[in-house]
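Trainee: Have a look at this one.
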Amino acid sequence: MKVTPEQIELIDKALIKIGINYADIRYEMTDHIAAALEQKDGRFEHHLKGYILQNKSELKKTNRRFIFIAMGRAYKKFFINMLKPWSLVIFAAVFALSMLLIRSFGRENAIMALFYFFIAFNCLLSTPVIYKVLTRKNQHSLDFGFSFINLIILYPTIYMVDYQTTIANDMIVALYYAVVLLISVIMHITIWQFNRQFKLRYNG
Amino acid sequence: MKNSQLYKGSLNTIIMKLLEENGRMYGYEITQKVKLITKGELNITEGALYPALHKLEADGLLDVEVEKVDNRLRKYYKLTESGEKETVNRLAELEDFIKNMQSLVTPNVNPDLQY
């Protein structure tokens, strides 16, 4: 028997129910389960329930492994982008701008300007990602890997605001913001590249 | 999949060999093909197959095409150029491994003179 669109939706919902949230993983698992159930005769819902019950732990394990592989891919791409010449250009530009700000407005004002710029920049660019997480729409497995980078750079940035005004010298402050803003920019460029690839692959 | 490290270690090579022979395949098709060839002896579970496919894709050895088939999206895998080269290497490596294992397990039989 051929699986109908309504039955495909049932498979998708069953996968979400057991915690498989990323769309790309669900597309692939849905096709696998549908192909397996097409070989069986009788009540579809009954077979689906049986399949999910029998393979629940295997599916969850697969989901976790998918996420880790995707995380590896995401970081690999992130580091490849980091090594591109334009990364050096971004780094140099932010460093020069930071130095200019410090020299023009004083270290304390420059640090606050750079800090708020960093926060605003990240909030603005993270909005689509946060929207996807909240609505659970079109989230793909590669999204997971990037959720950590922001947190990793956010904490020391907040923590270092006081330290930078009292102890560090101008050069260290400029270097710090050049590094964190570079990481942030590269992360968002990588997310954008993956989103584009995802759209091309799944939405034609 | 049969609970054996020997099979698990060869899974990538099995996948690559099948893709080399069949051009492009989707996950379920691979599991059924393996079952058919081995007369039901080897059953690859999705828990073993898909992570292996994703890993091969991440390593640049497989390419992916997505198509809408029977009301759902289907992900087809095929070998990339480097995947094709790697398949040749891995198959040669696997053949050597089988030969050596055969020599160790049944030392009296010369694998070269078997057929």
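Following the order of the structure tokens, first chain is A, next is B, and so on, with residues numbered from 1 inside each chain and ligands from 1 in the order they appear.
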Mind listing as an MDAnalysis selection string which residues of chain A are within 9 Å of chain B, counting only C-alpha atoms?
Mentor: chainID A and resid 2:5 8 27:36 58:63 65:66 69:70 72:73 201:202 204
Trainee: Find the spatial neighbours of region 82-96 of chain B, counting only C-alpha atoms, within a cut-off of 8 Å - ignore same-chain residues fewer than 3 positions away - and output them as JSON, numbers by chain.
Mentor: {"B": [10, 13, 16, 17, 20, 60, 61, 62, 79, 99, 100]}
Trainee: Apply DSSP to the structure's backbone, then extract all residues of chain B labelled strand (DSSP E) and return them as a list in words.
Mentor: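 The strand (DSSP E) residues within chain B come out as Arg24, Met25, Tyr26, Leu62, Asp63, Val64, Glu65, Val66, Glu67, Lys68, Val69, Arg72, Leu73, Arg74, Lys75, Tyr76, Tyr77, Lys78 and Leu79 of chain B.
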Trainee: Excluding same-chain residues fewer than 3 positions from region 174-178 of chain A, what lies within 9 Å of it counting only C-alpha atoms, as JSON, numbers by chain?
Mentor: {"A": [90, 91, 92, 93, 94, 95, 96, 97, 98, 99, 102, 111, 114, 115, 118, 157, 169, 170, 171, 181, 182, 183]}
Trainee: Would you mind listing what lies within 9 Å of Ile30 (chain B) as an MDAnalysis selection string, with only C-alpha atoms counted and same-chain residues fewer than 4 positions away left out?
Mentor: chainID B and resid 15 18:19 25:26 34:35 44 49
Trainee: I'd like the neighbourhood of Leu151 (chain A) as a ChimeraX atom specification, where a residue qualifies if any of its atoms comes within 12 Å (using only C-alpha atoms), though same-chain residues fewer than 2 positions away should be ignored.
Mentor: /A:119,122,126,145-149,153-158,180,183-184
